[in-house]
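S.K.: Before I ask anything, here is the structure I am working with.
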Amino acid sequence: MIKATDLRKNYGKVRALDGLSFEVSPGTIFGLLGPNGAGKSTSVKLLTTLARPDSGKASVAGHDVLREPAEVRRAIGVVAQRSGMDRDLTGRENVKLQGQLQGMRGPELDRRTDELLEQLGLSEAARRVARTYSGGMQRRLDIAIGLVHRPRVLFLDEPTTGLDPEVRAAMWQEIGRLKEDEGLTILLTTHYMEEADRLASHVAIVDRGRVVAQGSPAELKASLHGEAVHVDLEGANVNGNVQAALRGVPGLREVLIEGRALHARVDDGARAVPAVLAALDAHSVPVATVTVARPSLDDVYLRYAGRSFAEADKHEETKEDDQ
Amino acid sequence: MTALSDTWALTVRDLLRLWRQPWFIAIVLVQPIIWLLLFGDLFQRVVDIPGFEGSDYKQYLVPGVLVMTAFFSSGWNGMSTIEDLERGVTDRLLVTPARRWPLIVGRLGQNAVQALVQSLVIVGMALAIGVSFDGGPLGVVALVLAALLLGTGFAALSNALALVTRQEESLIGAVTFLQLPLTFLSTAFMQKQLIPDWVAAVADYNPVNWAIVAGREAVQSNPDWGTVAGYCGLLVAFALACTVLATRAFRAYQAQV
C-alpha cells in the first residue's frame, strides 16, 4: 500500500533522509520509530506529496507520489504533527471545509461530518470554535479532518506527542479501532517505543535518515538473544575503569556506556547481575540501580543504532527542529 | 468547476474568521472615515493654491481615500497566510487534491468583500458630507471596481511575500515600506499639474495611481470611459500577474518544507 525506495532528501547541508526504504502492507499499522530528527516527519512529507525527494521513488495506494500527486492526495488522510486545523473555525466547519476540498458536497458531506464528529466524541463541541478545545479534543478533530473523505491510507505523524497519559491511551484505542473497523492502512510515526509496540504490527527503526532494522515488534525483540541489563552508576566513568571492571565478566555482550548509564546484553540476567556488581565493586565503581529485562524495542534501537534512544533524542534536540 | 467551488469554500472560511473578530471589523470600518474627515480638513486650503482646479477639496479627495483604503488593507492579506503557515494549515491544504490557485484566490475573495464594504462606507460618508458623484451610479461602480482590482493585486503580492518570507516581521516590513511611498507617489492628494515632474513621471507607473486616475475620471460629469477602461485594463493585468506570482510561490515554499 505504501512503498518507499531509497528516498534521499537534504535540507541545505542537513541530510534528513539517506536512502530510506520500506514497504507497508494493506490493512496494517506500520510504525516508523525513531528519535527526534531521525527523518520520520520528512518521510511523511515526501509520502504525502507535500515535499519532493531529491532522489528515490515512492508510491502510495498504487500511485507514484511524484507523477500522480493528485491521485495520492485523494487516497490519503494526513494528521500532521503540527495540527493543521483552523482555530477560528468550529469543529464542524473545519471538517466540512476539508471535505469540500476533497470534492465532497451537500447532504453526503453533512452526514459524513456529523458521523465522524459523533464517532470521535466531538458532537457536543461541534459548534464551538476549535481554539476552545482541549489538547485531546484538538487531536481528535485533526483525525476527523484527516478521515472525512474516507481515505484508504492514513498518515499519523506523532499523534500522541504532548498528550496526557489517559488521553494517549484513548487515542491508542481509537487508532486500533480505525484499523479494525475501517480496514485502513496506517503509517504511524512515533518516538514512543511503547506506542509502536502496542499499535504496530510492523515497525521500521529509523536512525539518521535510514532504516536500521525492521520487522514485527516480536521479531525485532527476538533478534536480540538473552536479556538486557541496565546499570545506573552513582558517579561518572573515570579513566575507563568501568570498561576495565567489566572486561573480566563472562557472557557480557554489546556493552555501551553513556555517561552514568551502562547497557549490556547477557544470556541469563539472574546469573550475570551478581558478577557485574562484584566486578564494579572490585573497581570501586558505586552503583545506584540495576535492572534486568526481556528485550524491549528500546533495546532493539540500542542494538541497531549503536546508541540509546534517550541519548539520540537528547542529541537531536540540540540540533534544529525535527525535519 | 471544482476549483471554483474550492475557491468559494476558502473565501467563506476567511470571511468567517474575519466575522469572528468584531474589534478588527470595527477598526476596518472606522479607519476610512477618519482618513476622509482628517485629510479633508487638514488639506482643505489646498484649493487656494494657484492652478488647483475645483473649489472643494473633499470632492477631489474622495476617490484617493477610497483607493488608498483598499490598497492599505489589502497589503495585510498575507498575514492570514503567515498564520496558516505557522499553524500547519497551509501544509494540510497543500496535501488535498485542491489546485494551488484557489488557495490564493479564495483569500483574495475575502479581501475583495472586505474592500467592497469599506468602499461603500466611504461612498456613504462622502455623500453625507456633501460630496457629489457627478458620473452617477455607474461612475461609483467603476471607482469601486478600480479600487478592488488594485486591492486584489496587492493582496496577491502580500500572499506571495508571505509564502516566500514565511515571517511576520518581514511581511510587515515589506508592506509598510511600500504603503506610504506608493500612496504619495500619486495624485491622491494633489493634482497632477501641482506635483513635481519626477513624481508625476513615477506616478505613471504606479498601480495605485492608475486606480486613482481611473476612479476619479469615472465619478466626474461626462467621464472619458476610454481612459477608465484603459487603466482598469492595466489593473486587471497587474492583479493577474500578482496572482500568478503568489500561486507560484507555493512551489518556493514546498521546495524548502
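Chain labels run A, B, ... following the order of the C-alpha cells; each chain numbers its residues from 1, and ligands are numbered from 1 in the order shown.
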Determine, using only C-alpha atoms, which residues of chain A have any atom at most 9 Å from an atom of chain B, and tabulate each with its shortest atom pair and distance in Å to one decimal place, rows ordered by chain and then rising number, as a Markdown table.

M.R.:
| residue | atom | partner | partner_atom | distance |
| --- | --- | --- | --- | --- |
| A:Tyr11 | CA | B:Gln256 | CA | 7.2 |
| A:Thr42 | CA | B:Val257 | CA | 8.8 |
| A:Lys45 | CA | B:Val257 | CA | 8.1 |
| A:Thr48 | CA | B:Val95 | CA | 6.5 |
| A:Thr49 | CA | B:Val95 | CA | 6.4 |
| A:Leu50 | CA | B:Val95 | CA | 6.0 |
| A:Ala51 | CA | B:Gln254 | CA | 5.7 |
| A:Arg52 | CA | B:Ala255 | CA | 7.3 |
| A:Pro69 | CA | B:Pro97 | CA | 8.1 |
| A:Ala70 | CA | B:Pro97 | CA | 5.2 |
| A:Glu71 | CA | B:Pro97 | CA | 7.6 |
| A:Val72 | CA | B:Pro97 | CA | 8.4 |
| A:Arg73 | CA | B:Thr96 | CA | 5.4 |
| A:Arg74 | CA | B:Pro97 | CA | 6.0 |
| A:Ile76 | CA | B:Val95 | CA | 8.7 |
| A:Gly77 | CA | B:Val95 | CA | 8.7 |
| A:Val78 | CA | B:Arg92 | CA | 7.5 |
| A:Val79 | CA | B:Arg92 | CA | 8.3 |
| A:Ala80 | CA | B:Arg92 | CA | 7.7 |
| A:Gln81 | CA | B:Gly88 | CA | 8.5 |
| A:Arg82 | CA | B:Gly88 | CA | 5.4 |
| A:Ser83 | CA | B:Gly88 | CA | 6.1 |
| A:Gly84 | CA | B:Val89 | CA | 4.0 |
| A:Met85 | CA | B:Val89 | CA | 6.0 |
| A:Asp86 | CA | B:Val89 | CA | 6.7 |
| A:Arg87 | CA | B:Arg87 | CA | 8.8 |
| A:Asp88 | CA | B:Arg17 | CA | 5.7 |
| A:Leu89 | CA | B:Arg17 | CA | 6.8 |
| A:Glu93 | CA | B:Arg13 | CA | 8.2 |
| A:Asn94 | CA | B:Arg13 | CA | 8.9 |
| A:Leu97 | CA | B:Ala9 | CA | 6.7 |
| A:Gln98 | CA | B:Thr96 | CA | 7.9 |
| A:Gln100 | CA | B:Asp6 | CA | 6.8 |
| A:Leu101 | CA | B:Ala98 | CA | 5.7 |
| A:Gln102 | CA | B:Pro97 | CA | 6.2 |
| A:Gly103 | CA | B:Thr2 | CA | 7.1 |
| A:Gln323 | CA | B:Val257 | CA | 8.6 |

S.K.: With only C-alpha atoms as the counted atoms, please give the residues lying no more than 9 Å from Arg128 in chain A, apart from itself and same-chain residues fewer than 3 positions off, as a count of residues only.

M.R.: 9

S.K.: Can you list, as a ChimeraX atom specification, all residues belonging to range 14-224 of chain B that DSSP tags as helix (DSSP H, G or I)?

M.R.: /B:14-19,22-42,44-48,57-75,78-87,89-94,100-128,136-165,168-184,192-194,197-203,207-219

S.K.: One number please: CA of Asp134 in chain B to CA of Asn222 in chain B, in Å, one decimal.

M.R.: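 The value is 8.1 Å.
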
S.K.: So what do you get for CA of Gly109 in chain B versus CA of Gly153 in chain B, distance-wise?

M.R.: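 Between these atoms lies a distance of 11.7 Å.
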
S.K.: Please identify all polymer residues within 9 Å of Val175 in chain B, counting only C-alpha atoms, omitting same-chain residues fewer than 4 positions from it, and present them as a list in words.

M.R.: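 My reading of the contact set: Phe72, Gly75, Trp76, Ser158, Ser170, Leu171 and Gln179 of chain B.
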
S.K.: Which residues are near Glu195 in chain A? Cut-off 9 Å, only C-alpha atoms, ignore same chain within fewer than 3 positions. Put them as a list in words.

M.R.: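 Once the adjacent positions are removed, what remains is Gly31, Thr160, Trp172, Thr190, His191, Tyr192, Arg198, Leu199 and Ala200 of chain A.
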
S.K.: Kindly save the residues from that selection, with C-alpha atoms included, as a tab-separated table (two decimals), in the first residue's frame.

M.R.:
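Heads up, here's the output in selection_10.tsv:
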chain	number	residue	atom	x	y	z
A	31	GLY	CA	5.29	2.16	12.81
A	160	THR	CA	0.13	11.41	20.76
A	172	TRP	CA	-4.41	4.36	21.01
A	190	THR	CA	6.33	7.91	16.86
A	191	HIS	CA	9.19	8.30	19.20
A	192	TYR	CA	7.42	6.34	21.89
A	198	ARG	CA	1.23	-1.52	21.19
A	199	LEU	CA	-0.17	-0.49	17.85
A	200	ALA	CA	2.06	-1.51	15.00

S.K.: Applying 12 Å and only C-alpha atoms, which residues near Ser21 in chain A remain after dropping the ones on its own chain fewer than 5 positions away? List them as a list in words.

M.R.: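 After dropping sequence-adjacent residues, the list is Ile2, Lys3, Ala4, Thr5, Asp6, Leu7, Arg8, Leu32, Gly39, Lys40, Ser43, Leu47, Ser55, Gly56, Lys57, Ala58, Ser59, Ala204, Ile205, Val206, Gly209, Arg210, Val211, Val212, Ala213 and Gln214 of chain A.
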
S.K.: Could you pull the residues within 12 Å of range 283-291 of chain A, counting only C-alpha atoms, minus those fewer than 5 positions along the same chain, as a PyMOL selection string?

M.R.: chain A and resi 227-248+260-265+269-270+272-274+276-278

S.K.: Could you tell me which of A:Arg208, A:Thr113, A:Met137, A:Leu46 comes closest to Leu17 in chain A if we count only C-alpha atoms?

M.R.: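 Counting only C-alpha atoms, the residue closest to Leu17 in chain A is A:Arg208.
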
S.K.: Name the residues in contact with Ala237 in chain B at a cut-off of 12 Å, using only C-alpha atoms, excluding same-chain residues fewer than 6 positions from it; report them as an NGL selection string.

M.R.: :B and (149-150 or 152-153 or 207 or 210 or 230-231 or 243-244)

S.K.: Using the chain letters and numbers from this document, which residues of range 25-242 of chain A does DSSP assign to strand (DSSP E or B), as a compact mmCIF listing (two decimals) with C-alpha atoms, in the first residue's frame?

M.R.:
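Saved result, part_24.txt, follows:
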# COMPACT_ATOMS: atom_id res chain seq x y z
CA ILE A 29 -0.48 -0.35 11.09
CA PHE A 30 3.15 0.33 10.28
CA GLY A 31 5.29 2.16 12.81
CA LEU A 32 8.19 4.39 11.83
CA LEU A 33 10.10 4.58 15.05
CA SER A 55 16.12 11.11 -5.34
CA GLY A 56 14.40 7.79 -4.84
CA LYS A 57 10.89 6.59 -5.55
CA ALA A 58 7.70 6.21 -3.57
CA SER A 59 4.16 5.13 -4.23
CA VAL A 60 1.06 5.29 -2.08
CA HIS A 63 0.15 5.94 -7.30
CA ASP A 64 3.57 7.44 -7.74
CA ILE A 76 -4.68 9.63 1.82
CA GLY A 77 -5.64 11.28 5.06
CA VAL A 78 -2.96 13.18 6.91
CA VAL A 79 -2.73 14.04 10.58
CA THR A 90 -15.76 25.44 14.65
CA VAL A 129 -14.54 27.33 17.67
CA VAL A 153 -4.28 5.26 3.83
CA LEU A 154 -3.92 7.36 6.95
CA PHE A 155 -0.69 9.08 7.97
CA LEU A 156 -0.38 9.82 11.67
CA ASP A 157 2.72 11.88 12.41
CA THR A 185 -3.73 1.19 6.26
CA ILE A 186 -2.00 3.38 8.79
CA LEU A 187 1.50 4.76 8.79
CA LEU A 188 2.32 5.93 12.27
CA THR A 189 5.44 7.78 13.24
CA THR A 190 6.33 7.91 16.86
CA HIS A 202 5.31 -3.92 11.67
CA VAL A 203 8.00 -1.50 12.76
CA ALA A 204 10.89 0.16 10.96
CA ILE A 205 13.50 1.69 13.18
CA VAL A 206 14.86 4.89 11.65
CA ASP A 207 18.14 6.44 12.62
CA ARG A 210 17.74 5.38 7.13
CA VAL A 211 16.02 2.23 8.29
CA VAL A 212 18.38 0.32 10.55
CA ALA A 213 16.04 -2.56 11.39
CA GLN A 214 12.55 -3.70 10.56
CA GLY A 215 10.11 -6.47 11.33
CA GLU A 227 18.20 -10.26 28.36
CA ALA A 228 19.11 -6.63 28.75
CA VAL A 229 20.98 -5.38 31.79
CA HIS A 230 20.86 -1.67 32.59
CA VAL A 231 23.00 -0.26 35.35
CA ASP A 232 22.84 3.32 36.62
CA LEU A 233 26.19 4.28 38.05

S.K.: What does the structure give for the distance between CA of Ala70 in chain B and CA of Val47 in chain B, in Å to one decimal?

M.R.: 25.4 Å
